[in-house]
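Notes follow the structure.
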Number of protein chains: 2
Amino acid sequence: MLYIVGLGLGDERDITLRGLEAVKQCDMVYIEAYTSLLSFGLSSNGLSTLEKLYGRPVILADREMVEEKADEILSAARASDVAFLVVGDPFGATTHTDLVVRAKKLGIAVIVVHNASVMNAIGICGLQLYRYGETISIPFFTETWRPDSFYEKIQSNRNLGLHTLCLLDIRVKEPTLESLCRGKKQYEPPKFMTIKTAIGQLLEVEQTKGESVYSEDTLCVGFARLGSEDQIIVAGSMRELQLIDFGPPLHCLVITGNTHPVEEEMLDFYKIKRD
Amino acid sequence: MLYIVGLGLGDERDITLRGLEAVKQCDMVYIEAYTSLLSFGLSSNGLSTLEKLYGRPVILADREMVEEKADEILSAARASDVAFLVVGDPFGATTHTDLVVRAKKLGIAVIVVHNASVMNAIGICGLQLYRYGETISIPFFTETWRPDSFYEKIQSNRNLGLHTLCLLDIRVKEPTLESLCRGKKQYEPPKFMTIKTAIGQLLEVEQTKGESVYSEDTLCVGFARLGSEDQIIVAGSMRELQLIDFGPPLHCLVITGNTHPVEEEMLDFYKIKRD
């Protein structure tokens with residue numbers, strides 16, 4: 001049996017009773033490391049907090065393990081009960097469809113324990129979830145790679161009056177170019193995109209394309225560490241949000257579409273107040 | 001202090017540890033009754049299950065109480081710690097923005113405890129959450145009231161290749177027309193829309209409008225009791241899904257847009273198999 005258990009967004013106390021029950025009865029417990037290191041602030045220290053709560057050792061399944069070594073997880077799940085822990089919801093922003101598909105093909109029963117994900121927790125800012133269009137991802141621009149397909153998606157959303165959730169790039173355990181050439185893997189330090197960088201890239205693309213999809217004056221909402229006790233949520237123009245230090249990861253950004261009065265009333269609580 | 005605590009989708013075990021901790025320390029605990037009666041299968045019996053878990057009496061805050069008598073909840077929250085429990089996530093499909101806005105205006109601190117909502121749990125079918133467009137609501141048609149503004153929204157979504165989540169109408173504690181005339185309230189029995197009814201209404205609107213936004217052959221996914229142990233998820237054409245008895249509430253429906261191979265692979269597990 002393979003349990004895919006969502007851990008929610010804040011810390012170890014965001015697991016559900018159902019999830020905890022499942023984890024406690026599993027023979028092996030893996031945790032995905034894509035985003036968990038950043039969002040749960042998991043050092044080796046954080047991992048032991050989880051192990052204490054679960055009464056089980058927790059194996060960090062880093063990116064290579066999940067993508068290349070899923071066989072290990074799956075053969076364990078064939079013989080016994082295995083939990084695979086995922087920050088947020090198992091099918092939220094980061095999806096684990098591939099692992100589930102492979103398990104099902106092998107005839108392994110899969111049980112999903114849902115939890116909050118960034119895709120629904122952003123509702124806290126007052127913008128109604130049913131008034132969002134397509135979600136976009138903003139990747140780190142490099143000298144030579146500056147993909148801007150998100151621009152048209154924001155345009156479509158805003159033409160329909162809809163809000164746009166922007167998921168910001170996270171780079172964990174990226175092999176260095178040098179190490180790839182030498183055939184021996186060394187990794188770049190973890191890197192996450194800040195709201196400031198995201199807005200910088202958005203405005204650069206607007207300047208290149210010039211179709212006035214948004215501007216420095218467009219009302220946005222910036223979220224840092226959403227769902228944690230020290231979360232920061234600020235509503236303001238792109239220009240205003242660019243000046244704010246949102247602190248440690250993870251960050252995400254919402255570009256508003258047309259807002260309704262009830263949405264505006266709630267957004268007001270998050271606006272930068274001037275004297 | 002006002003805690004707004006999401007309960008998740010299945011049963012009492014879907015509360016998070018953080019949520020349970022908050023509820024246990026509150027002096028008064030309210031639960032919203034809009035959808036909870038249906039989705040948690042809460043009879044008076046179900047309520048006592050919650051009370052046992054929380055070690056607190058739970059007050060059912062029905063629709064009239066939340067909308068008209070929020071003052072009671074808010075003045076309690078001014079003087080002590082009050083929990084307001086919400087099925088799903090506090091800002092999911094049913095929003096509680098109004099209560100939060102009123103609390104904040106009174107200077108009452110509000111703490112939100114997130115959980116899974118139908119808006120992210122639908123990810124389990126394999127259609128990627130970031131490829132959904134605007135969410136629509138399908139209301140019960142009556143003889144004289146057949147609003148069809150959802151049609152254009154589905155059209156916009158499908159033109160962009162995006163999926164559409166359809167939330168289906170729930171009517172709990174609707175005053176009867178007769179009772180409204182007499183000035184003494186009596187209520188209609190609770191009523192929830194099935195997938196079959198929703199598809200019937202969708203096809204009727206398509207026939208009237210005739211713009212070929214979708215048809216009987218359009219691939220959809222039907223969900224019943226999502227997140228519960230007896231959930232049913234079936235992928236098939238509108239024609240196929242109309243023939244299926246999905247059983248008790250709640251139901252919702254997804255109309256697919258363009259699907260990617262990885263989405264299709266997962267959807268296949270939910271398709272009606274023929275010999």
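FYI, nothing fancy with the structure tokens labels: chains A, B, ... in order, residues from 1 per chain, ligands from 1 as they appear.
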At a cut-off of 8 Å, list the chain B residues touching chain A, using only C-alpha atoms, as a PyMOL selection string. chain B and resi 8+13-19+89-93+95+97-98+101+112-117+119-121+123-124+126+128-136+162+227+262+265-266
Close residues, region 184-198 of chain A itself excluded, 8 Å, only C-alpha atoms, min 2 positions apart in chain, as a list in words: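 Close residues of region 184-198 of chain A: Ile138, Phe140, Leu168, Asp169, Ile170, Arg171, Val172, Lys173, Glu174, Pro175, Thr176, Ser179, Leu180, Cys181, Arg182, Gly200, Gln201, Leu202, Gly222, Leu241, Gln242, Leu243, Ile244, Phe246, Pro249, Leu250, His251, Cys252 and Leu253 of chain A.
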So that I can see what lies close to region 237-239 of chain B, please list as a VMD selection string the residues with an atom at most 8 Å from it, counting only C-alpha atoms and leaving out residues fewer than 5 positions away in the same chain. chain B and resid 199 215 to 220
Output file for the residues above (N, CA and C atoms, as an mmCIF file, in the first residue's frame):
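New file result12.cif:
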data_model
loop_
_atom_site.group_PDB
_atom_site.id
_atom_site.type_symbol
_atom_site.label_atom_id
_atom_site.label_comp_id
_atom_site.auth_asym_id
_atom_site.auth_seq_id
_atom_site.Cartn_x
_atom_site.Cartn_y
_atom_site.Cartn_z
ATOM 1 N N ILE B 199 -25.347 17.736 -15.710
ATOM 2 C CA ILE B 199 -25.086 17.473 -17.129
ATOM 3 C C ILE B 199 -26.348 17.742 -17.958
ATOM 4 N N SER B 215 -20.316 18.991 -25.865
ATOM 5 C CA SER B 215 -21.396 18.124 -26.346
ATOM 6 C C SER B 215 -21.483 16.894 -25.458
ATOM 7 N N GLU B 216 -22.387 15.997 -25.788
ATOM 8 C CA GLU B 216 -22.520 14.729 -25.058
ATOM 9 C C GLU B 216 -21.218 13.926 -25.069
ATOM 10 N N ASP B 217 -20.377 14.208 -26.052
ATOM 11 C CA ASP B 217 -19.131 13.442 -26.183
ATOM 12 C C ASP B 217 -17.944 14.061 -25.443
ATOM 13 N N THR B 218 -18.158 15.230 -24.834
ATOM 14 C CA THR B 218 -17.042 15.908 -24.149
ATOM 15 C C THR B 218 -16.602 15.115 -22.923
ATOM 16 N N LEU B 219 -15.299 14.951 -22.812
ATOM 17 C CA LEU B 219 -14.731 14.212 -21.678
ATOM 18 C C LEU B 219 -14.836 15.026 -20.395
ATOM 19 N N CYS B 220 -15.442 14.407 -19.390
ATOM 20 C CA CYS B 220 -15.611 15.061 -18.083
ATOM 21 C C CYS B 220 -15.138 14.119 -16.981
#
I need the residues in region 22-251 of chain A that are helix (DSSP H, G or I) according to DSSP; give them as JSON, numbers by chain. {"A": [22, 23, 24, 36, 37, 38, 39, 44, 45, 46, 47, 48, 49, 50, 51, 52, 53, 54, 63, 64, 65, 66, 67, 68, 70, 71, 72, 73, 74, 75, 76, 77, 78, 79, 97, 98, 99, 100, 101, 102, 103, 104, 105, 118, 119, 120, 121, 122, 123, 124, 125, 129, 130, 131, 150, 151, 152, 153, 154, 155, 156, 157, 158, 159, 177, 178, 179, 180, 181, 182, 195, 196, 197, 198, 199, 200, 201, 202, 203, 204, 205, 206, 207, 208, 209, 238, 239, 240, 241, 242]}
Restricting the calculation to only C-alpha atoms: of A:Val221, A:Lys52, A:Asp148, A:Asn159, which residue gets closest to Gln207 (chain A)? A:Asp148
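With CA of Glu72 (chain B) on one side and CA of Leu85 (chain B) on the other, the separation reads 15.3 Å.
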Could you state the separation of CA of Glu264 (chain B) and CA of Ile108 (chain A) in Å, given to one decimal place? 19.3 Å
DSSP on the backbone: what in region 108-242 of chain A comes out strand (DSSP E), as a list in words?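 Everything in region 108-242 of chain A that counts as strand (DSSP E) is Val110, Ile111, Val112, Val113, Ile136, Ser137, Ile138, Thr164, Leu165, Cys166, Leu167, Leu168, Ile170, Arg171, Lys191, Phe192, Leu219, Cys220, Val221, Gly222, Phe223, Ala224, Ile232, Ile233, Val234, Ala235, Gly236 and Ser237 of chain A.
Take CA of Val205 (chain A) and CA of Glu240 (chain A): the distance between them is 18.5 Å.
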